[in-house]
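Down below is the structure, laid out as structure tokens.
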Amino acid sequence: MHLPIKLPSSALLDLQQGNFVLIRIQLAEPVHFSLLEKLLLAALIAASAVLFWKRFGIVVDKILKSRKDPGFHLFPIGKRVWDFFWEVLCQAKVIRERPLPGLAHAFVFWGFLAFALVTLNHIATGFGIGFLNPAGAFGGFYFLVAAAFALTCAVSIIGLFIRRFVVRPIWLSRAGHELSWESGVIAGLIFALMATYLAAFFVTDTSLAARLLWWAHTLSLLVFLPLVPHTKHLHLILSPITIFLSRGSFSQIPALVGDEDFGLVTGKDLTQLVSLQAYSCVECGRCTEHCPAASTGKSLNPKEVILGVRGYLNEYGPIAEELLLGKYNSQESAFQCTTCGACEFQCPVGIEHVPIIVGLRRGATNTGEWDNEYGSKLFNAMERNSNALGLSATERDKFVQKQELPIFDGTQEYCLWLGCMGGYDPKGREIITSFVEVMRYLGTSYGVMRKEKCTGDPARRLGNDLVFQQLAESNLEAMTQQKVKKIISICPHCVRTIQEDWKEFGSPPEIEHHSEFLARHHASLPHNNTGEKIAYHDPCYLGRYRNVYDEPRSVISSAGTLVEAERSRERSFCCGAGGGLAFLGEEHGQRVSSVRAQELVATGATTIGAACPFCNTMFRDALASQGDNAPRLLDIAQIAAAQLPKQTQTQPS
């Protein structure tokens, strides 16, 4: 039985066979444009382009007039190409960190990619030179593919509109600002672009509706274009460039160049990468949502820091002499950052928050603008005593002698780096003692440096480049003299500083964290899994900075049952010690360490495993408020040492 179906010419009946009706869906386009329409189209395109460039040209000019980034180079280019493919084309980070809204953003982005060819053909059709034939094999297929993306894009933009203007997560808003109306207009225009395209499949080529839809689509496009550089949607153009032109490694702090470079002091110190990143911010608030300072009532908001730089550029420009820490960013906020890197890890458009914040700190510290009692005390301690705790070197010597730690003489495999916490802090010494027990059990040869100085990590993160340089150069010279080839450390901060930051002043030896050593020798160590519930805290400088997550867990899993906190691995919440904050006195608002300790206690674990002496210090005080029922706090070295045969264990000092 054949049923008669009346269809417009854009949805033609191709074939009837048996009881099946096969339909060819086809995009409707006006078949002819008058000379007046062509002239009007040309004028509108020109006006849209001029209005677009009027703002975008200013942005490009400010970026190009910013200072060139010292030491920046494109090579090796392979990683940049991969990052561009994975983060831009695949939208992997956007989706991974916020799956539902991330997928919606991805469909909008992919919709725009699919529409690139459609848009070119659309404009060309207006001038009578369209190159995609809706009735052709390729054209018909491509228009249908674009229609599928248009549908997902339309649904996604509705969802994102509802989320921003109805659900209104707090991190999407700006301090002292209402939600921008421009975002609503842009969303409406994107929806109009998709809707007018899809509607053209349901009308005929020669109908008035087809012509009206064509012009409605065109006007939506031409209005959308000049609005982009005036809104956060500028990231559509700049963020792919920002991601491709990253500094090359996570939270890489650029070197200062020359005697007149003090960091980010005024507009003339802003580099091209900083300016590019400032204009790339999409204001999504992912950095704010995951920032430990912002989450605990501090004034720091990483999104506002970046937008503050943008505001400065808009008002003063990149060669101004106005201070960067003033109208648009506060000194107080800059020095509340723990440098945990959660902001940078979460950012979907390639903004490197930590180097910018450290740059602002440098500008304040190196010029004497930052006057902080605790900071001054810390810097004096590092200069006079070569350690952040301000203790005499004889205290370290006593510990080395008591534990009978051999002095490194160049013949041992490892130089065991004690660090400030391992050499001077009582609990840090317990971690060193336990790790030494493990090394002795394994028969690993090691020695400690006779005169070891702080790596300079706190000074580096707080912006005191002079103190950092003095410590780095002194340590590098000593290591060269003693022929140190391989270092092992219990402190992720020491590992990062030696491995990356010291490169400005020489070639540091190979270094690894003790969790990596323990994991590598996992099979050679005793396993006595008691089933005890152990919660592991991921240190920021071990996880996000070094991508070391599984190694410490393998140590814990051999001793008990690993339980994860609500925020773990890449999303782990900071202990609050990083960025030199462990030495800067009381915090405003909630203590970051208390918030994290509560999350770890909530797992029901009887033991909390750490892999950083700074984390250990911060949680020590935070857990004290839990009373006698508080979980034990142990480093993974202590967990591993507890499984050794009793005769090999020694009492901690």
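Note on naming: chains are A, B, ... as they come in the structure tokens, residues start from 1 per chain, ligands start from 1 in the order shown.
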
Run DSSP on the backbone and give me the residues of stretch 309-535 of chain A it puts in helix (DSSP H, G or I), as a VMD selection string.
chain A and resid 309 to 315 331 to 334 342 to 346 353 to 366 373 to 385 393 to 402 419 to 424 426 to 442 457 to 462 465 to 481 492 to 499 501 to 504 514 to 520 522 to 524

Written selection (C-alpha atoms) as a CSV table (one decimal), in the first residue's frame:
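Everything below was put into out07.csv:
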chain,number,residue,atom,x,y,z
A,309,VAL,CA,45.1,42.4,34.8
A,310,ARG,CA,42.6,42.7,31.9
A,311,GLY,CA,41.0,45.7,33.6
A,312,TYR,CA,44.4,47.3,34.0
A,313,LEU,CA,45.3,46.8,30.4
A,314,ASN,CA,42.0,48.2,29.2
A,315,GLU,CA,42.4,51.4,31.3
A,331,GLN,CA,48.5,43.1,47.7
A,332,GLU,CA,46.6,41.2,50.4
A,333,SER,CA,45.0,38.9,47.8
A,334,ALA,CA,48.2,38.2,46.0
A,342,ALA,CA,44.3,24.0,41.3
A,343,CYS,CA,43.4,27.1,39.4
A,344,GLU,CA,45.8,26.5,36.6
A,345,PHE,CA,44.9,22.8,36.5
A,346,GLN,CA,41.2,23.5,36.1
A,353,HIS,CA,47.6,31.8,37.3
A,354,VAL,CA,50.4,30.8,39.6
A,355,PRO,CA,53.2,32.5,37.5
A,356,ILE,CA,51.1,35.6,37.3
A,357,ILE,CA,50.4,35.7,41.0
A,358,VAL,CA,54.1,35.0,41.9
A,359,GLY,CA,55.0,37.7,39.4
A,360,LEU,CA,52.8,40.2,41.4
A,361,ARG,CA,54.4,39.0,44.6
A,362,ARG,CA,57.9,39.5,43.0
A,363,GLY,CA,57.0,43.0,42.1
A,364,ALA,CA,55.9,43.8,45.7
A,365,THR,CA,58.7,42.0,47.4
A,366,ASN,CA,61.7,42.9,45.2
A,373,GLU,CA,56.5,41.0,59.8
A,374,TYR,CA,56.4,37.2,59.2
A,375,GLY,CA,57.8,37.5,55.7
A,376,SER,CA,60.7,39.6,56.9
A,377,LYS,CA,61.5,37.2,59.7
A,378,LEU,CA,61.4,34.3,57.2
A,379,PHE,CA,63.7,36.0,54.7
A,380,ASN,CA,66.2,36.9,57.5
A,381,ALA,CA,66.2,33.3,58.8
A,382,MET,CA,66.9,32.0,55.3
A,383,GLU,CA,69.7,34.5,54.8
A,384,ARG,CA,71.4,34.1,58.2
A,385,ASN,CA,70.7,30.4,59.1
A,393,ALA,CA,73.0,24.5,61.5
A,394,THR,CA,74.4,22.7,64.6
A,395,GLU,CA,70.8,21.4,65.3
A,396,ARG,CA,70.9,19.6,62.0
A,397,ASP,CA,74.4,18.3,62.7
A,398,LYS,CA,73.2,16.8,66.0
A,399,PHE,CA,70.4,15.0,64.3
A,400,VAL,CA,72.7,13.6,61.6
A,401,GLN,CA,75.2,12.4,64.3
A,402,LYS,CA,72.5,10.9,66.5
A,419,GLY,CA,65.4,19.8,53.7
A,420,CYS,CA,64.3,22.3,56.4
A,421,MET,CA,61.6,20.1,57.7
A,422,GLY,CA,63.6,16.8,57.7
A,423,GLY,CA,66.6,18.4,59.2
A,424,TYR,CA,65.1,20.7,61.8
A,426,PRO,CA,60.9,17.0,65.1
A,427,LYS,CA,58.1,15.3,63.1
A,428,GLY,CA,60.0,15.8,59.9
A,429,ARG,CA,63.0,14.1,61.5
A,430,GLU,CA,60.7,11.1,62.3
A,431,ILE,CA,59.9,10.8,58.6
A,432,ILE,CA,63.6,10.9,57.7
A,433,THR,CA,64.4,8.3,60.3
A,434,SER,CA,61.7,5.9,59.0
A,435,PHE,CA,62.8,6.4,55.4
A,436,VAL,CA,66.4,5.7,56.4
A,437,GLU,CA,65.2,2.4,57.9
A,438,VAL,CA,63.6,1.4,54.6
A,439,MET,CA,66.8,2.4,52.6
A,440,ARG,CA,68.9,0.4,55.0
A,441,TYR,CA,66.6,-2.6,54.7
A,442,LEU,CA,66.9,-2.5,50.9
A,457,ASP,CA,61.2,27.4,47.9
A,458,PRO,CA,59.5,29.8,50.3
A,459,ALA,CA,61.5,32.7,49.1
A,460,ARG,CA,60.9,31.8,45.5
A,461,ARG,CA,57.1,31.6,45.9
A,462,LEU,CA,56.9,34.7,48.0
A,465,ASP,CA,64.5,36.4,44.1
A,466,LEU,CA,67.7,37.6,45.7
A,467,VAL,CA,67.5,35.2,48.6
A,468,PHE,CA,66.4,32.4,46.3
A,469,GLN,CA,69.3,32.9,44.0
A,470,GLN,CA,71.8,33.0,46.8
A,471,LEU,CA,70.5,29.7,48.2
A,472,ALA,CA,70.2,28.0,44.8
A,473,GLU,CA,73.7,28.9,43.7
A,474,SER,CA,75.3,27.9,47.0
A,475,ASN,CA,73.6,24.5,46.9
A,476,LEU,CA,74.5,23.9,43.3
A,477,GLU,CA,78.1,24.7,43.9
A,478,ALA,CA,78.3,22.4,46.9
A,479,MET,CA,76.6,19.6,44.9
A,480,THR,CA,79.1,20.0,42.0
A,481,GLN,CA,82.0,19.8,44.4
A,492,PRO,CA,57.7,17.6,47.1
A,493,HIS,CA,58.5,21.3,47.4
A,494,CYS,CA,62.2,20.6,47.5
A,495,VAL,CA,61.9,18.2,44.6
A,496,ARG,CA,60.0,20.8,42.4
A,497,THR,CA,62.4,23.6,43.3
A,498,ILE,CA,65.6,21.7,42.7
A,499,GLN,CA,64.3,20.0,39.5
A,501,ASP,CA,63.6,26.4,39.6
A,502,TRP,CA,67.3,25.8,40.1
A,503,LYS,CA,67.7,25.5,36.3
A,504,GLU,CA,68.0,29.3,36.1
A,514,HIS,CA,60.6,9.2,48.2
A,515,SER,CA,57.2,8.0,47.1
A,516,GLU,CA,58.6,7.1,43.7
A,517,PHE,CA,61.5,5.3,45.4
A,518,LEU,CA,59.2,3.3,47.6
A,519,ALA,CA,56.9,2.4,44.8
A,520,ARG,CA,59.8,1.2,42.6
A,522,HIS,CA,57.5,-2.1,46.4
A,523,ALA,CA,58.0,-5.8,45.6
A,524,SER,CA,61.2,-5.9,47.7

With only C-alpha atoms counted and 12 Å as the cut-off, give the residues of stretch 230-296 of chain A in contact with stretch 35-55 of chain A, each with its shortest interatomic distance in Å and the pair that gives it, as JSON lines.
{"residue": "A:His230", "atom": "CA", "partner": "A:Arg55", "partner_atom": "CA", "distance": 6.8}
{"residue": "A:Thr231", "atom": "CA", "partner": "A:Arg55", "partner_atom": "CA", "distance": 10.3}
{"residue": "A:Leu234", "atom": "CA", "partner": "A:Arg55", "partner_atom": "CA", "distance": 10.4}

Residues near A:Ser239, cut-off 10 Å, only C-alpha atoms, skip fewer than 5 positions along chain, as a compact mmCIF listing (two decimals) with all heavy atoms, in the first residue's frame:
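See selection.txt below for the written result:
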# COMPACT_ATOMS: atom_id res chain seq x y z
N VAL A 88 42.00 21.68 22.84
CA VAL A 88 41.18 22.58 22.02
C VAL A 88 40.21 21.78 21.15
O VAL A 88 38.99 21.91 21.29
CB VAL A 88 42.07 23.49 21.14
CG1 VAL A 88 41.20 24.39 20.25
CG2 VAL A 88 42.97 24.35 22.01
N HIS A 233 33.51 36.18 25.36
CA HIS A 233 33.54 35.24 24.24
C HIS A 233 34.73 35.50 23.31
O HIS A 233 34.91 34.79 22.31
CB HIS A 233 32.23 35.30 23.45
CG HIS A 233 31.06 34.84 24.27
ND1 HIS A 233 30.41 35.69 25.12
CD2 HIS A 233 30.47 33.63 24.41
CE1 HIS A 233 29.43 35.02 25.73
NE2 HIS A 233 29.46 33.77 25.32
N LEU A 234 35.55 36.49 23.67
CA LEU A 234 36.80 36.69 22.95
C LEU A 234 37.68 35.44 23.05
O LEU A 234 38.56 35.23 22.22
CB LEU A 234 37.53 37.90 23.54
CG LEU A 234 38.83 38.36 22.87
CD1 LEU A 234 38.60 38.71 21.41
CD2 LEU A 234 39.41 39.55 23.61
N PHE A 244 48.14 26.88 22.91
CA PHE A 244 49.28 26.50 22.09
C PHE A 244 50.57 27.17 22.57
O PHE A 244 51.65 26.57 22.52
CB PHE A 244 49.02 26.87 20.63
CG PHE A 244 50.08 26.38 19.67
CD1 PHE A 244 50.11 25.07 19.27
CD2 PHE A 244 51.06 27.24 19.19
CE1 PHE A 244 51.09 24.61 18.40
CE2 PHE A 244 52.03 26.81 18.32
CZ PHE A 244 52.05 25.48 17.92
N LEU A 245 50.46 28.41 23.07
CA LEU A 245 51.64 29.17 23.47
C LEU A 245 51.85 29.15 24.98
O LEU A 245 52.24 30.16 25.58
CB LEU A 245 51.51 30.62 22.99
CG LEU A 245 51.44 30.84 21.48
CD1 LEU A 245 51.29 32.31 21.15
CD2 LEU A 245 52.70 30.27 20.80
N LEU A 276 47.98 38.12 26.82
CA LEU A 276 47.17 37.20 26.03
C LEU A 276 46.26 36.38 26.94
O LEU A 276 45.06 36.21 26.66
CB LEU A 276 48.08 36.27 25.23
CG LEU A 276 47.41 35.12 24.45
CD1 LEU A 276 46.49 35.67 23.37
CD2 LEU A 276 48.46 34.20 23.83
N GLN A 277 46.80 35.89 28.04
CA GLN A 277 46.00 35.09 28.96
C GLN A 277 44.92 35.92 29.64
O GLN A 277 43.81 35.44 29.88
CB GLN A 277 46.92 34.43 30.00
CG GLN A 277 47.81 33.35 29.41
CD GLN A 277 48.82 32.79 30.40
OE1 GLN A 277 48.69 32.98 31.61
NE2 GLN A 277 49.83 32.10 29.89
N TYR A 279 43.25 38.38 28.40
CA TYR A 279 42.14 38.58 27.47
C TYR A 279 41.47 37.27 27.07
O TYR A 279 40.42 37.29 26.43
CB TYR A 279 42.63 39.32 26.22
CG TYR A 279 42.76 40.80 26.43
CD1 TYR A 279 44.01 41.42 26.41
CD2 TYR A 279 41.64 41.59 26.66
CE1 TYR A 279 44.15 42.79 26.61
CE2 TYR A 279 41.76 42.97 26.86
CZ TYR A 279 43.01 43.55 26.84
OH TYR A 279 43.12 44.92 27.04
N SER A 280 42.08 36.14 27.46
CA SER A 280 41.50 34.84 27.10
C SER A 280 40.51 34.32 28.14
O SER A 280 39.80 33.35 27.88
CB SER A 280 42.61 33.79 26.92
OG SER A 280 43.47 34.14 25.87
N CYS A 281 40.48 34.94 29.32
CA CYS A 281 39.65 34.43 30.41
C CYS A 281 38.19 34.37 30.01
O CYS A 281 37.61 35.34 29.52
CB CYS A 281 39.80 35.31 31.65
SG CYS A 281 38.82 34.74 33.06
N VAL A 282 37.56 33.21 30.23
CA VAL A 282 36.17 32.99 29.86
C VAL A 282 35.24 33.22 31.06
O VAL A 282 34.02 33.08 30.95
CB VAL A 282 36.00 31.56 29.29
CG1 VAL A 282 36.20 30.52 30.37
CG2 VAL A 282 34.68 31.38 28.59
N PRO A 348 40.23 25.94 31.55
CA PRO A 348 40.03 25.31 30.24
C PRO A 348 40.62 26.12 29.08
O PRO A 348 40.59 25.65 27.95
CB PRO A 348 38.50 25.24 30.13
CG PRO A 348 38.03 26.43 30.88
CD PRO A 348 39.00 26.62 32.02
N VAL A 349 41.13 27.31 29.37
CA VAL A 349 41.63 28.16 28.27
C VAL A 349 43.11 28.47 28.39
O VAL A 349 43.61 29.40 27.77
CB VAL A 349 40.80 29.46 28.15
CG1 VAL A 349 39.39 29.16 27.72
CG2 VAL A 349 40.80 30.24 29.47
N GLY A 350 43.83 27.70 29.20
CA GLY A 350 45.29 27.79 29.22
C GLY A 350 45.88 28.91 30.03
O GLY A 350 47.07 29.24 29.85
N ILE A 351 45.12 29.50 30.95
CA ILE A 351 45.67 30.58 31.78
C ILE A 351 46.56 29.99 32.86
O ILE A 351 46.19 29.03 33.52
CB ILE A 351 44.55 31.43 32.40
CG1 ILE A 351 43.76 32.14 31.29
CG2 ILE A 351 45.11 32.45 33.38
CD1 ILE A 351 42.52 32.85 31.77

When you count only C-alpha atoms, which of these residues is closest to A:Ala104: A:Ser66, A:Thr266, A:Asn528, A:Ser156?
A:Ser156

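For the pair atom CA of A:Cys287 and atom CA of A:His105, the separation is 16.9 Å.
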
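Closest approach to A:Pro318 among A:Trp181, A:Lys65, A:Ile243, A:Leu256 is made by A:Lys65 (distances from only C-alpha atoms).
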
Residue nearest A:Phe84 among A:Ser246, A:Asn616, A:Gln26, A:Thr125 (counting only C-alpha atoms):
A:Ser246

Neighbouring residues of stretch 247-249 of chain A were defined as those with any atom within 9 Å, considering only C-alpha atoms; residues of the same chain fewer than 4 positions away were excluded. Please report them as an mmCIF file with N, CA and C atoms, in the first residue's frame.
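Wrote it out as result-v5.cif, contents follow:
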data_model
loop_
_atom_site.group_PDB
_atom_site.id
_atom_site.type_symbol
_atom_site.label_atom_id
_atom_site.label_comp_id
_atom_site.auth_asym_id
_atom_site.auth_seq_id
_atom_site.Cartn_x
_atom_site.Cartn_y
_atom_site.Cartn_z
ATOM 1 N N PHE A 72 61.222 32.541 26.129
ATOM 2 C CA PHE A 72 60.153 31.763 25.496
ATOM 3 C C PHE A 72 60.626 31.202 24.152
ATOM 4 N N HIS A 73 60.259 29.946 23.887
ATOM 5 C CA HIS A 73 60.581 29.338 22.598
ATOM 6 C C HIS A 73 59.507 28.324 22.252
ATOM 7 N N LEU A 74 59.295 28.121 20.971
ATOM 8 C CA LEU A 74 58.238 27.227 20.509
ATOM 9 C C LEU A 74 58.614 25.757 20.595
ATOM 10 N N LYS A 79 54.696 18.702 21.803
ATOM 11 C CA LYS A 79 53.791 18.799 22.948
ATOM 12 C C LYS A 79 52.738 19.877 22.709
ATOM 13 N N ARG A 80 53.131 20.963 22.076
ATOM 14 C CA ARG A 80 52.173 22.039 21.808
ATOM 15 C C ARG A 80 51.078 21.557 20.855
ATOM 16 N N ILE A 253 57.547 29.318 36.534
ATOM 17 C CA ILE A 253 57.814 30.718 36.866
ATOM 18 C C ILE A 253 58.947 31.212 35.967
ATOM 19 N N PRO A 254 58.701 32.247 35.164
ATOM 20 C CA PRO A 254 59.745 32.713 34.238
ATOM 21 C C PRO A 254 60.896 33.379 34.980
ATOM 22 N N LEU A 273 52.560 36.978 26.939
ATOM 23 C CA LEU A 273 51.795 35.815 27.386
ATOM 24 C C LEU A 273 50.805 36.193 28.488
ATOM 25 N N GLU A 352 47.731 30.585 33.043
ATOM 26 C CA GLU A 352 48.698 30.120 34.038
ATOM 27 C C GLU A 352 48.689 31.100 35.214
#

Can you list, as a PyMOL selection string, every protein, DNA or RNA residue that comes within 6 Å of A:Gly579 when you count only C-alpha atoms, leaving out same-chain residues fewer than 2 positions away?
chain A and resi 338-339+461+581

Excluding same-chain residues fewer than 4 positions from stretch 292-306 of chain A, what lies within 7 Å of it counting only C-alpha atoms, as an mmCIF file with C-alpha atoms, in the first residue's frame?
data_model
loop_
_atom_site.group_PDB
_atom_site.id
_atom_site.type_symbol
_atom_site.label_atom_id
_atom_site.label_comp_id
_atom_site.auth_asym_id
_atom_site.auth_seq_id
_atom_site.Cartn_x
_atom_site.Cartn_y
_atom_site.Cartn_z
ATOM 1 C CA ALA A 278 44.248 38.040 30.590
ATOM 2 C CA GLU A 283 35.074 33.889 33.413
ATOM 3 C CA GLY A 285 34.996 30.435 37.651
ATOM 4 C CA CYS A 287 39.679 28.503 39.278
ATOM 5 C CA THR A 288 37.574 30.192 41.960
ATOM 6 C CA ARG A 310 42.611 42.718 31.924
ATOM 7 C CA ASN A 329 44.399 43.781 42.340
ATOM 8 C CA SER A 333 45.002 38.855 47.844
ATOM 9 C CA ALA A 334 48.250 38.163 46.022
ATOM 10 C CA GLN A 336 47.057 34.587 50.163
ATOM 11 C CA CYS A 337 47.856 32.160 47.346
ATOM 12 C CA CYS A 343 43.371 27.148 39.384
ATOM 13 C CA HIS A 353 47.553 31.766 37.251
ATOM 14 C CA PHE A 573 42.328 20.180 48.321
ATOM 15 C CA CYS A 574 45.440 21.997 49.521
ATOM 16 C CA HIS A 588 41.831 35.069 57.630
ATOM 17 C CA GLY A 589 38.591 33.097 57.534
ATOM 18 C CA GLN A 590 38.689 29.323 57.924
ATOM 19 C CA ARG A 591 42.027 27.614 58.061
ATOM 20 C CA VAL A 592 42.641 25.702 54.857
#

Just want the 7 Å neighbourhood of stretch 567-571 of chain A, counted on only C-alpha atoms, with same-chain residues fewer than 4 positions away dropped. Output as an mmCIF file with C-alpha atoms, in the first residue's frame.
data_model
loop_
_atom_site.group_PDB
_atom_site.id
_atom_site.type_symbol
_atom_site.label_atom_id
_atom_site.label_comp_id
_atom_site.auth_asym_id
_atom_site.auth_seq_id
_atom_site.Cartn_x
_atom_site.Cartn_y
_atom_site.Cartn_z
ATOM 1 C CA ASP A 538 47.560 14.116 47.723
ATOM 2 C CA GLY A 543 50.205 15.459 42.442
ATOM 3 C CA ARG A 544 49.385 18.378 40.194
ATOM 4 C CA TYR A 549 49.347 9.783 42.307
#

Report, in Å with one decimal, the straight-line distance from atom CA of A:Phe191 to atom CA of A:Phe56.
23.5 Å

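When only C-alpha atoms are used to compute distances to A:Ile488, the closest of the residues A:Leu307, A:Cys415, A:Ile237, A:Leu264 turns out to be A:Cys415.
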
One residue among A:Glu512, A:Arg632, A:Ile129, A:Ile490 is nearest to A:Cys612 when using only C-alpha atoms, and that residue is A:Ile490

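The gap separating atom CA of A:Ile487 from atom CA of A:Pro509 is 6.8 Å, in Å to one decimal.
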
With only C-alpha atoms as the atoms that count, which of A:Glu510, A:Asp621, A:Glu413, A:Glu321 lies nearest to A:Ser593?
A:Asp621

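When DSSP reads the backbone of this structure, the residues of stretch 439-632 of chain A it assigns to strand (DSSP E) are A:Tyr446, A:Gly447, A:Lys486, A:Ile487, A:Ile488, A:Ser489, A:Glu510, A:Ile511, A:Glu512, A:His513, A:Lys533, A:Ile534, A:Ala535, A:Tyr536, A:Thr561, A:Leu562, A:Val563, A:Thr607, A:Ile608, A:Gly609, A:Ala610, A:Arg632.
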
Counting only C-alpha atoms, what are the residues of stretch 465-559 of chain A within 6 Å of stretch 597-606 of chain A, and for each of them which pair of atoms is the nearest and at what distance in Å, to one decimal? Sort the table by chain and rising number, as CSV.
residue,atom,partner,partner_atom,distance
A:Lys533,CA,A:Ala605,CA,4.7
A:Ile534,CA,A:Ala605,CA,5.2
A:Ala535,CA,A:Ala605,CA,5.7
